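entry32.txt follows (compact mmCIF, C-alpha atoms and all ligand atoms):
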```
# COMPACT_ATOMS: atom_id res chain seq x y z
CA MET A 954 0.00 0.00 0.00
CA GLN A 955 1.30 3.45 -0.85
CA ASP A 956 0.60 6.54 1.23
CA GLU A 957 1.54 10.15 0.66
CA VAL A 958 3.86 10.20 3.69
CA LEU A 959 5.80 7.56 5.57
CA ILE A 960 6.91 8.42 9.11
CA LEU A 961 9.70 6.36 10.62
CA GLY A 962 9.56 6.37 14.44
CA GLY A 963 6.50 6.88 16.62
CA GLY A 964 7.93 8.92 19.51
CA VAL A 965 7.28 12.59 20.17
CA ALA A 966 8.34 14.02 16.81
CA GLY A 967 6.96 11.20 14.63
CA CYS A 968 3.53 11.19 16.30
CA ALA A 969 3.26 14.98 16.28
CA ALA A 970 4.14 15.26 12.57
CA SER A 971 1.78 12.43 11.66
CA ILE A 972 -1.11 14.08 13.52
CA ALA A 973 -0.45 17.46 11.87
CA LEU A 974 -0.43 15.86 8.41
CA ALA A 975 -3.42 13.57 8.96
CA ARG A 976 -5.45 16.52 10.27
CA ARG A 977 -4.73 18.27 6.97
CA GLY A 978 -6.11 15.30 5.05
CA ARG A 979 -2.85 13.60 4.11
CA SER A 980 -2.61 9.80 4.09
CA VAL A 981 0.13 8.83 6.52
CA THR A 982 1.66 5.55 7.69
CA LEU A 983 3.75 5.65 10.86
CA ILE A 984 6.12 2.79 11.72
CA GLU A 985 7.19 2.29 15.34
CA ARG A 986 9.53 -0.48 16.42
CA GLU A 987 8.04 -1.02 19.90
CA PRO A 988 4.74 -2.93 20.10
CA THR A 989 3.63 -0.71 23.03
CA PRO A 990 5.15 2.43 24.61
CA ARG A 991 7.87 1.66 27.13
CA HIS A 992 10.09 3.59 29.53
CA LYS A 993 12.69 5.75 27.78
CA VAL A 994 15.80 7.47 29.13
CA CYS A 995 14.48 10.99 29.68
CA GLY A 996 14.25 13.51 32.53
CA GLU A 997 10.53 13.81 31.62
CA PHE A 998 10.46 17.58 32.11
CA LEU A 999 7.95 19.37 29.86
CA SER A 1000 8.79 23.01 29.18
CA GLY A 1001 6.25 25.74 28.48
CA GLU A 1002 6.66 25.38 24.70
CA ALA A 1003 6.19 21.61 24.91
CA LEU A 1004 3.01 22.11 26.94
CA GLU A 1005 1.65 24.57 24.34
CA ASP A 1006 2.31 22.17 21.47
CA LEU A 1007 0.85 19.20 23.34
CA HIS A 1008 -2.26 21.24 24.12
CA ALA A 1009 -2.62 22.10 20.40
CA LEU A 1010 -2.29 18.38 19.62
CA GLY A 1011 -5.19 17.73 22.00
CA ILE A 1012 -3.07 16.10 24.71
CA ASP A 1013 -4.29 17.13 28.16
CA VAL A 1014 -1.22 16.37 30.28
CA ALA A 1015 -3.02 17.25 33.54
CA SER A 1016 -5.58 14.47 32.94
CA LEU A 1017 -2.67 12.05 32.41
CA GLY A 1018 -1.38 12.91 35.88
CA ALA A 1019 1.40 15.37 34.95
CA VAL A 1020 2.93 17.11 37.96
CA PRO A 1021 3.25 20.92 37.69
CA ILE A 1022 6.84 22.09 38.24
CA TYR A 1023 7.29 25.62 39.58
CA TYR A 1024 10.94 25.75 40.72
CA VAL A 1025 14.36 24.75 39.50
CA ARG A 1026 17.21 23.97 41.92
CA LEU A 1027 20.91 23.70 41.18
CA ALA A 1028 22.80 21.48 43.61
CA ALA A 1029 26.57 21.11 43.66
CA SER A 1030 28.37 19.42 46.54
CA ARG A 1031 26.32 20.42 49.62
CA ARG A 1032 25.01 23.71 48.22
CA ALA A 1033 21.68 24.23 46.49
CA ALA A 1034 20.13 27.36 45.03
CA GLU A 1035 16.54 27.71 43.92
CA ALA A 1036 14.72 29.94 41.44
CA PRO A 1037 11.13 30.03 40.25
CA LEU A 1038 10.78 28.83 36.66
CA PRO A 1039 10.03 31.74 34.34
CA PHE A 1040 7.51 29.63 32.35
CA PRO A 1041 4.86 27.00 33.14
CA ALA A 1042 6.29 23.48 33.23
CA ALA A 1043 5.29 19.96 34.19
CA SER A 1044 6.64 16.43 34.29
CA LEU A 1045 5.10 13.27 32.94
CA THR A 1046 6.52 9.80 32.28
CA ARG A 1047 7.41 9.16 28.66
CA LYS A 1048 5.36 5.97 28.80
CA ALA A 1049 2.22 8.01 29.56
CA LEU A 1050 3.11 10.73 27.04
CA ASP A 1051 4.00 8.33 24.20
CA THR A 1052 0.82 6.30 24.86
CA ALA A 1053 -1.30 9.45 24.54
CA LEU A 1054 0.53 10.60 21.39
CA ILE A 1055 0.12 7.25 19.59
CA ALA A 1056 -3.59 7.20 20.54
CA ALA A 1057 -3.98 10.75 19.18
CA ALA A 1058 -2.27 9.71 15.92
CA ILE A 1059 -4.62 6.76 15.49
CA ALA A 1060 -7.62 8.99 16.27
CA ALA A 1061 -6.40 11.47 13.62
CA GLY A 1062 -6.50 8.68 11.01
CA VAL A 1063 -2.81 7.80 10.86
CA ARG A 1064 -2.17 4.15 9.90
CA VAL A 1065 0.11 2.95 12.70
CA LYS A 1066 2.28 -0.15 12.25
CA ARG A 1067 3.84 -1.14 15.59
CA GLY A 1068 6.28 -3.81 16.68
CA CYS A 1069 8.37 -3.70 13.49
CA SER A 1070 11.70 -1.98 13.09
CA VAL A 1071 12.69 -0.16 9.92
CA GLN A 1072 15.91 -1.78 8.72
CA SER A 1073 16.61 0.49 5.77
CA LEU A 1074 15.31 3.49 3.89
CA SER A 1075 16.32 3.78 0.27
CA ARG A 1076 15.08 5.00 -3.09
CA ALA A 1077 12.72 2.60 -4.88
CA THR A 1078 12.60 5.04 -7.81
CA ALA A 1079 13.78 8.63 -8.22
CA ASN A 1080 10.54 9.89 -6.60
CA LEU A 1081 9.72 7.12 -4.18
CA TRP A 1082 11.20 6.20 -0.77
CA GLN A 1083 11.08 2.57 0.30
CA ALA A 1084 11.31 1.44 3.92
CA THR A 1085 12.14 -2.20 4.52
CA LEU A 1086 11.05 -3.61 7.89
CA ASP A 1087 12.63 -6.41 9.91
CA ASP A 1088 9.74 -8.73 8.98
CA GLY A 1089 10.63 -8.26 5.29
CA THR A 1090 7.63 -6.07 4.38
CA THR A 1091 8.20 -2.87 2.46
CA TYR A 1092 6.40 0.47 2.50
CA GLU A 1093 6.69 3.12 -0.18
CA ALA A 1094 5.85 6.82 -0.31
CA PRO A 1095 7.06 9.91 -2.19
CA THR A 1096 7.85 11.61 1.15
CA ALA A 1097 9.38 10.25 4.36
CA PHE A 1098 9.90 11.83 7.78
CA LEU A 1099 12.90 10.45 9.69
CA ALA A 1100 11.94 10.45 13.41
CA THR A 1101 13.83 7.51 14.89
CA GLY A 1102 15.12 9.63 17.81
CA LYS A 1103 18.33 8.31 19.35
CA ARG A 1104 18.62 5.43 16.89
CA ASP A 1105 20.24 6.04 13.56
CA LEU A 1106 19.22 4.32 10.34
CA ARG A 1107 22.05 2.96 8.24
CA GLY A 1108 22.94 5.49 5.53
CA HIS A 1109 21.18 8.36 7.38
CA GLY A 1110 23.27 8.42 10.59
CA ARG A 1111 24.59 11.29 12.69
CA PRO A 1112 28.26 11.77 13.68
CA LYS A 1113 29.75 9.90 16.62
CA ASP A 1114 29.55 11.44 20.12
CA PRO A 1115 33.17 12.44 20.94
CA HIS A 1116 32.51 12.69 24.72
CA GLN A 1117 31.02 9.19 24.87
CA TRP A 1118 28.13 10.20 27.09
CA VAL A 1119 26.25 7.48 28.94
CA ALA A 1120 22.76 8.22 30.27
CA PHE A 1121 20.67 6.41 32.86
CA LYS A 1122 17.12 6.71 34.15
CA MET A 1123 15.85 5.22 37.39
CA TYR A 1124 12.54 5.64 39.21
CA TYR A 1125 12.45 5.91 43.00
CA ARG A 1126 9.91 6.28 45.73
CA LEU A 1127 11.63 8.86 47.96
CA SER A 1128 11.16 8.93 51.72
CA ALA A 1129 8.20 11.04 52.87
CA ALA A 1130 10.56 13.76 54.14
CA GLN A 1131 12.52 13.95 50.87
CA THR A 1132 9.33 13.88 48.78
CA ALA A 1133 8.07 16.87 50.74
CA ASP A 1134 11.43 18.65 50.47
CA LEU A 1135 11.75 18.09 46.70
CA ALA A 1136 8.14 19.26 46.33
CA ASP A 1137 7.34 20.86 42.96
CA ALA A 1138 10.92 21.43 41.85
CA SER A 1139 13.19 20.06 39.15
CA GLU A 1140 16.70 19.66 40.62
CA LEU A 1141 19.93 19.65 38.67
CA THR A 1142 22.78 17.88 40.50
CA LEU A 1143 26.37 18.35 39.31
CA TYR A 1144 29.30 15.87 39.39
CA SER A 1145 32.85 16.03 38.12
CA GLY A 1146 31.90 13.94 35.07
CA GLY A 1147 28.33 14.93 34.29
CA TYR A 1148 25.01 15.95 35.78
CA GLY A 1149 21.66 14.54 36.80
CA GLY A 1150 18.09 15.68 37.22
CA ILE A 1151 15.63 14.74 39.93
CA GLN A 1152 11.94 15.54 39.74
CA PRO A 1153 8.57 14.17 40.73
CA VAL A 1154 6.45 12.48 38.05
CA GLU A 1155 2.92 11.07 38.38
CA ASP A 1156 1.75 8.61 41.09
CA GLY A 1157 4.19 9.85 43.75
CA ILE A 1158 7.19 8.55 41.80
CA THR A 1159 10.49 10.43 41.39
CA ASN A 1160 12.54 10.38 38.18
CA PHE A 1161 16.33 10.41 38.53
CA CYS A 1162 18.03 10.75 35.17
CA CYS A 1163 21.76 11.37 34.75
CA VAL A 1164 24.29 11.82 31.96
CA VAL A 1165 27.97 11.09 32.60
CA GLN A 1166 31.09 10.84 30.49
CA ARG A 1167 32.23 7.29 29.86
CA GLN A 1168 35.53 7.81 31.68
CA TYR A 1169 33.63 8.90 34.82
CA PHE A 1170 31.50 5.74 34.53
CA ALA A 1171 34.71 3.71 34.02
CA ARG A 1172 36.19 5.22 37.21
CA ALA A 1173 33.05 4.00 38.97
CA GLY A 1174 33.78 0.45 37.79
CA LEU A 1175 31.31 0.49 34.86
CA ARG A 1176 28.53 -0.55 37.24
CA TRP A 1177 25.37 1.35 38.19
CA GLU A 1178 25.87 0.76 41.93
CA GLY A 1179 29.42 2.16 41.72
CA LEU A 1180 28.27 5.13 39.66
CA LEU A 1181 25.46 5.92 42.06
CA ALA A 1182 27.90 5.82 45.00
CA LYS A 1183 30.35 8.09 43.14
CA MET A 1184 27.69 10.64 42.22
CA GLN A 1185 26.46 10.74 45.83
CA GLN A 1186 30.03 11.22 47.05
CA ASP A 1187 30.51 14.09 44.53
CA CYS A 1188 27.18 15.65 45.40
CA PRO A 1189 25.99 14.99 48.97
CA HIS A 1190 22.73 16.75 48.07
CA LEU A 1191 21.94 13.71 45.89
CA ALA A 1192 22.86 11.39 48.77
CA MET A 1193 20.39 13.29 50.96
CA ARG A 1194 17.61 12.95 48.36
CA LEU A 1195 18.17 9.22 47.88
CA ASP A 1196 18.53 8.42 51.59
CA GLY A 1197 15.86 5.81 52.30
CA ALA A 1198 14.61 5.86 48.68
CA GLU A 1199 13.14 2.68 47.20
CA PRO A 1200 14.29 1.89 43.61
CA LEU A 1201 11.26 1.00 41.48
CA LEU A 1202 13.00 -0.62 38.48
CA ASP A 1203 15.17 -3.77 38.67
CA LYS A 1204 17.93 -1.86 36.92
CA PRO A 1205 18.20 1.57 35.30
CA ILE A 1206 17.38 2.12 31.66
CA THR A 1207 20.46 3.25 29.80
CA ILE A 1208 21.56 4.66 26.46
CA THR A 1209 24.90 5.63 24.91
CA HIS A 1210 25.90 7.68 21.86
CA ILE A 1211 24.20 11.04 22.44
CA PRO A 1212 25.63 13.53 19.93
CA TYR A 1213 24.86 16.68 21.94
CA GLY A 1214 25.01 19.84 19.86
CA TYR A 1215 24.29 18.03 16.59
CA ILE A 1216 22.12 19.91 14.08
CA ARG A 1217 21.47 18.30 10.70
CA ARG A 1218 22.85 20.43 7.88
CA ALA A 1219 21.27 18.92 4.79
CA THR A 1220 18.92 16.24 3.63
CA GLU A 1221 17.74 14.56 0.46
CA ASP A 1222 14.71 15.42 -1.59
CA GLY A 1223 11.52 14.14 0.03
CA LEU A 1224 13.17 13.31 3.37
CA TYR A 1225 12.36 15.61 6.33
CA CYS A 1226 14.44 14.95 9.48
CA ILE A 1227 12.78 15.82 12.80
CA GLY A 1228 13.25 15.44 16.56
CA ASP A 1229 16.64 14.09 17.67
CA GLN A 1230 17.33 13.28 14.02
CA ALA A 1231 17.26 17.05 13.36
CA ALA A 1232 18.95 18.39 16.50
CA VAL A 1233 20.16 17.17 19.91
CA ILE A 1234 20.16 19.82 22.64
CA PRO A 1235 22.05 19.18 25.94
CA SER A 1236 19.69 17.39 28.29
CA PHE A 1237 20.00 19.79 31.24
CA THR A 1238 17.86 22.35 29.35
CA GLY A 1239 14.89 19.97 29.50
CA ASP A 1240 14.07 21.16 26.00
CA GLY A 1241 14.47 18.06 23.79
CA ILE A 1242 10.75 17.26 23.73
CA SER A 1243 9.85 20.83 22.86
CA ILE A 1244 12.42 20.80 20.03
CA ALA A 1245 11.02 17.48 18.81
CA LEU A 1246 7.52 19.00 18.72
CA HIS A 1247 8.78 22.23 17.18
CA THR A 1248 10.70 20.48 14.38
CA ALA A 1249 7.72 18.19 13.70
CA ARG A 1250 5.37 21.15 13.42
CA ARG A 1251 7.72 23.08 11.14
CA ALA A 1252 8.46 20.08 8.92
CA ALA A 1253 4.76 19.30 8.53
CA ALA A 1254 4.09 22.96 7.65
CA ALA A 1255 6.96 22.93 5.14
CA TYR A 1256 5.66 19.75 3.49
CA LEU A 1257 2.11 21.14 3.30
CA ALA A 1258 3.47 24.35 1.76
CA ALA A 1259 5.42 22.26 -0.81
CA GLU A 1260 8.75 23.52 0.55
CA PRO A 1261 11.32 20.90 -0.54
CA ALA A 1262 13.17 19.11 2.26
CA PRO A 1263 16.62 20.27 1.03
CA VAL A 1264 15.39 23.87 1.43
CA PHE A 1265 13.61 23.25 4.73
CA GLN A 1266 16.41 21.46 6.61
CA PRO A 1267 19.08 24.24 6.43
CA LYS A 1268 16.41 26.80 7.35
CA LEU A 1269 15.52 24.75 10.40
CA ARG A 1270 19.21 24.52 11.29
CA SER A 1271 19.60 28.33 11.16
CA ALA A 1272 16.54 28.79 13.37
CA LEU A 1273 17.83 26.33 16.00
CA LEU A 1274 21.49 27.34 15.92
CA PRO A 1275 21.55 30.25 18.45
CA GLN A 1276 19.67 28.33 21.16
CA MET A 1277 21.69 25.17 20.56
CA ARG A 1278 25.03 26.94 20.77
CA LEU A 1279 24.07 28.79 23.96
CA ALA A 1280 22.89 25.55 25.55
CA GLU A 1281 26.22 23.94 24.62
CA VAL A 1282 28.20 26.78 26.22
CA ALA A 1283 26.11 26.47 29.38
CA ALA A 1284 26.59 22.68 29.38
CA ASP A 1285 30.37 23.11 29.04
CA GLY A 1286 30.22 25.42 32.07
CA LEU A 1287 28.43 22.75 34.12
CA ASN A 1288 31.02 20.16 33.09
CA ASN A 1289 34.03 22.38 33.62
CA ALA A 1290 36.19 21.94 36.76
CA LEU A 1291 37.05 25.65 36.89
CA ALA A 1292 33.39 26.61 36.65
CA ARG A 1293 32.61 24.25 39.54
CA ALA A 1294 35.44 25.81 41.56
CA VAL A 1295 33.70 29.21 41.38
CA LEU A 1296 30.34 27.64 42.06
CA PRO A 1297 29.74 29.33 45.42
CA PHE A 1298 29.62 32.61 43.48
CA CYS A 1299 27.65 31.05 40.63
CA LEU A 1300 25.10 29.80 43.11
CA ARG A 1301 24.58 33.31 44.45
CA VAL A 1302 23.92 34.68 40.97
CA TRP A 1303 22.21 31.46 39.77
CA PRO A 1304 18.56 32.49 40.13
CA GLY A 1305 18.98 35.51 37.85
CA ALA A 1306 21.36 33.72 35.47
CA MET A 1307 19.03 30.74 35.33
CA ARG A 1308 16.11 32.94 34.30
CA VAL A 1309 18.15 34.51 31.50
CA THR A 1310 19.58 31.16 30.33
CA ALA A 1311 16.15 29.55 30.44
CA ARG A 1312 14.74 32.29 28.22
CA LEU A 1313 17.64 32.27 25.77
CA THR A 1314 17.78 28.49 25.37
CA ARG A 1315 14.12 28.34 24.31
CA VAL A 1316 13.48 28.01 20.59
CA THR A 1317 11.92 31.13 19.12
CA GLN A 1318 8.55 30.51 17.53
CA PRO A 1319 8.05 31.87 14.00
CA ALA A 1320 4.52 33.29 13.80
CA ALA A 1321 3.84 31.39 10.56
CA VAL A 1322 4.18 28.03 12.30
CA ALA A 1323 2.73 28.70 15.76
CA PRO A 1324 1.46 25.75 17.86
CA GLU A 1325 -2.02 26.28 16.34
CA ALA A 1326 -0.59 24.60 13.21
CA PHE A 1327 -1.14 21.32 15.10
CA ALA A 1328 -4.78 22.11 15.93
CA ASN A 1329 -7.74 20.45 14.25
C1 LIG A 1401 19.49 11.74 29.45
C2 LIG A 1401 18.43 12.50 28.72
C3 LIG A 1401 17.51 13.23 29.44
C4 LIG A 1401 16.54 13.97 28.76
N1 LIG A 1401 15.62 14.68 29.48
C5 LIG A 1401 14.73 15.45 28.85
C6 LIG A 1401 13.77 16.20 29.57
O1 LIG A 1401 13.72 16.16 30.81
N2 LIG A 1401 12.90 16.98 28.88
C7 LIG A 1401 12.94 17.05 27.52
O2 LIG A 1401 12.17 17.82 26.94
N3 LIG A 1401 13.80 16.32 26.80
C8 LIG A 1401 14.68 15.51 27.42
N4 LIG A 1401 15.54 14.73 26.70
C9 LIG A 1401 15.47 14.75 25.23
C10 LIG A 1401 14.25 13.98 24.68
O3 LIG A 1401 14.12 12.72 25.28
C11 LIG A 1401 14.38 13.82 23.17
O4 LIG A 1401 14.89 14.98 22.59
C12 LIG A 1401 13.04 13.48 22.51
O5 LIG A 1401 12.53 12.29 23.00
C13 LIG A 1401 13.22 13.38 21.01
O6 LIG A 1401 12.02 12.94 20.42
P1 LIG A 1401 12.08 12.04 19.12
O7 LIG A 1401 10.69 11.87 18.65
O8 LIG A 1401 13.12 12.54 18.20
O9 LIG A 1401 12.64 10.64 19.66
P2 LIG A 1401 11.90 9.55 20.56
O10 LIG A 1401 10.86 10.17 21.39
O11 LIG A 1401 12.99 8.78 21.21
O12 LIG A 1401 11.16 8.64 19.51
C14 LIG A 1401 11.83 7.89 18.53
C15 LIG A 1401 10.99 6.65 18.25
O13 LIG A 1401 11.50 5.98 17.11
C16 LIG A 1401 11.42 4.59 17.35
N5 LIG A 1401 12.41 3.95 16.49
C17 LIG A 1401 13.77 4.00 16.62
N6 LIG A 1401 14.35 3.31 15.64
C18 LIG A 1401 13.35 2.81 14.88
C19 LIG A 1401 13.33 1.99 13.72
N7 LIG A 1401 14.44 1.56 13.13
N8 LIG A 1401 12.13 1.64 13.21
C20 LIG A 1401 10.96 2.09 13.78
N9 LIG A 1401 10.94 2.84 14.88
C21 LIG A 1401 12.12 3.22 15.42
C22 LIG A 1401 11.70 4.44 18.84
O14 LIG A 1401 11.20 3.21 19.35
C23 LIG A 1401 11.02 5.67 19.40
O15 LIG A 1401 9.69 5.41 19.85
C24 LIG A 1401 16.50 13.96 27.35
C25 LIG A 1401 17.43 13.20 26.62
C26 LIG A 1401 18.39 12.47 27.30
C27 LIG A 1401 19.38 11.67 26.52
```
Here is a file; write its structure as C-alpha cells.
Amino acid sequence: MQDEVLILGGGVAGCAASIALARRGRSVTLIEREPTPRHKVCGEFLSGEALEDLHALGIDVASLGAVPIYYVRLAASRRAAEAPLPFPAASLTRKALDTALIAAAIAAGVRVKRGCSVQSLSRATANLWQATLDDGTTYEAPTAFLATGKRDLRGHGRPKDPHQWVAFKMYYRLSAAQTADLADASELTLYSGGYGGIQPVEDGITNFCCVVQRQYFARAGLRWEGLLAKMQQDCPHLAMRLDGAEPLLDKPITITHIPYGYIRRATEDGLYCIGDQAAVIPSFTGDGISIALHTARRAAAAYLAAEPAPVFQPKLRSALLPQMRLAEVAADGLNNALARAVLPFCLRVWPGAMRVTARLTRVTQPAAVAPEAFAN
C-alpha cells in the first residue's frame, strides 16, 4: 500500500508530525519499532513550549497525571540554590506521554504499524522512498519523515559522540521527608563527570536521570551501583535525596551515543528529518521534547506548503542554531572543573542567570508556524 507520507519512528516528533499531516487530510503511515510504549531514558520535564504544542495536539497532560513544576534547583556538593521557573512546566513519564501521542495519531487517522523496526530506507525510484522492515515487508511513499530519535538508520546516521556520554534513568519512591522537600521542583545535581536531574512524576514517583562521560562511569567500575555511590560522594545533596529511597525498576534504563550539539545540515529530496534526528540539545535544558515537537510542526508545515526538504532542513538549522550553541556553552560550564570551583559565586547569581539562560535556550517561535498549526 502506498501513502503520501511515511513516518519512521512513533515517539514525540513522529507522532506529532503524523497528527499534523493527517489533520490536513494527508494519508500517513507511521512505523514504530516497539509494540507498546515503554520507559525511555528521559528527565521527563515538559517546558512551556512543549506544553503549548501538546495542548494544540489535544493532549491534556493534567488528565494524564502530569505534575506541575514551579521551581528549578541547582545542587553542587552540599550547596543548592533555587529559582522560580520563568515559564509553566510539568513532568510526565514518557510511557504516559507516548501512549497518549500514539492514541492521538490513530484517532487522527494515521495508519500505525507497531512492533516492526525499519531496517533500511532507500530510493525505490527517483521519486519514491522505500522502507524495509525487519519482517521483510516494504512500505513506499514519495515523502518520508525520519523520526527515529536516538537510533540512527544505516545510511542516514549522525556523527559519533566524541565525549562518549552514557545516560541512565531510574525511578524511586523517595522517603516522605525527601518527597516533601523536593516538592514541585526540578533539581539539577552536578558531578565532576556529568550531571543529573531529579523531579517528581505522576503517582508519587520520582525520576532520577543522569548523563555522565564514559571515563567517569569507568572510574566507577562500569557498574550502576558504583556510579550511584560516586555521584552521591561528589554531590551529597543527591545522597540526601536518595537516603531511604526505594528503587522502582530492577535496573536503570540506559543509552549511549548522544551527539549533543548536533544539528542536521542537509537532507535529500523528500526526506524531512525531525526530533533528535534534526537536533540534539544538551539534556540539562529539558528542552528536547519541545524541540522534537517544534521540528515536527515546522516540517509538517513545510511539506504542506510544498517547501522541498533540502530547502527546509538548512532553514531549520539556522533557526535552532543560536539556542543550541548557547545551551552547549552552558553545558560546558556545568562540566568544567574551573566553573565548579567558582560555584559558590555562581550559586549566588544562579537564580537571575538561570532565568536569562532559560529564556535564551528556548526556541523562538516563528509566527507562521505557531502551535495552532497542530490544531484540528
Ligand atoms: C538523558 C536524557 C535526558 C533527557 N531529558 C529530557 C527532559 O527532561 N525533557 C525534555 O524535553 N527532553 C529531554 N531529553 C530529550 C528527549 O528525550 C528527546 O529529545 C526526545 O525524546 C526526542 O524525540 P524524538 O521523537 O526525536 O525521539 P523519541 O521520542 O525517542 O522517539 C523515537 C521513536 O522511534 C522509534 N524507532 C527508533 N528506531 C526505529 C526503527 N528503526 N524503526 C521504527 N521505529 C524506530 C523508537 O522506538 C522511538 O519510539 C533527554 C534526553 C536524554 C538523553
- Message: For a quick check of understanding, using only C-alpha atoms and all ligand atoms, which of A:His1190, A:Arg1111, A:Arg986, A:Lys1066 has the smallest distance to ligand LIG 1401 (chain A)?
- Response: A:Arg986
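When only C-alpha atoms are used to measure the gap to A:Gly1149, the shortest distance among A:Leu1279, A:Leu1181, A:Cys1162, A:Val981 belongs to A:Cys1162.
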- List all protein, DNA and RNA residues that have an atom no more than 7 Å from any atom of ligand LIG 1401 (chain A), counting all atoms listed in the file, and report them as JSON, numbers by chain. {"A": [961, 962, 963, 964, 965, 966, 967, 984, 985, 986, 987, 994, 995, 996, 997, 998, 999, 1000, 1069, 1070, 1071, 1072, 1100, 1101, 1102, 1103, 1104, 1105, 1106, 1120, 1121, 1162, 1163, 1164, 1211, 1227, 1228, 1229, 1230, 1233, 1236, 1237, 1239, 1240, 1241, 1242, 1243, 1244, 1245]}
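Between atom CA of A:Ile1022 and atom CA of A:Pro1212 the interatomic distance comes to 27.6 Å.
For the set A:Val1063, A:Leu1054, A:Ala1192, A:Cys1226, the residue with the smallest atom-to-atom gap to A:Val1014 is A:Leu1054, counting only C-alpha atoms.
With distances restricted to only C-alpha atoms, A:Arg1251 is the closest residue to A:Ala970 from A:Lys1268, A:Arg1064, A:Arg1251, A:His1210.
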- Message: Taking all atoms listed in the file into account, name the residue in A:Leu1017, A:Ile1151, A:Ile960, A:Val1119 that is nearest to A:Arg1194.
- Response: A:Ile1151
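Polymer residues near (10.5, 14.9, 46.5): counting all atoms listed in the file with a cut-off of 10 Å, they are Tyr1125, Arg1126, Leu1127, Ser1128, Ala1129, Ala1130, Gln1131, Thr1132, Ala1133, Asp1134, Leu1135, Ala1136, Asp1137, Ala1138, Ser1139, Glu1140, Ile1151, Gln1152, Pro1153, Val1154, Gly1157, Ile1158, Thr1159, Asn1160, Arg1194 and Leu1195 of chain A.
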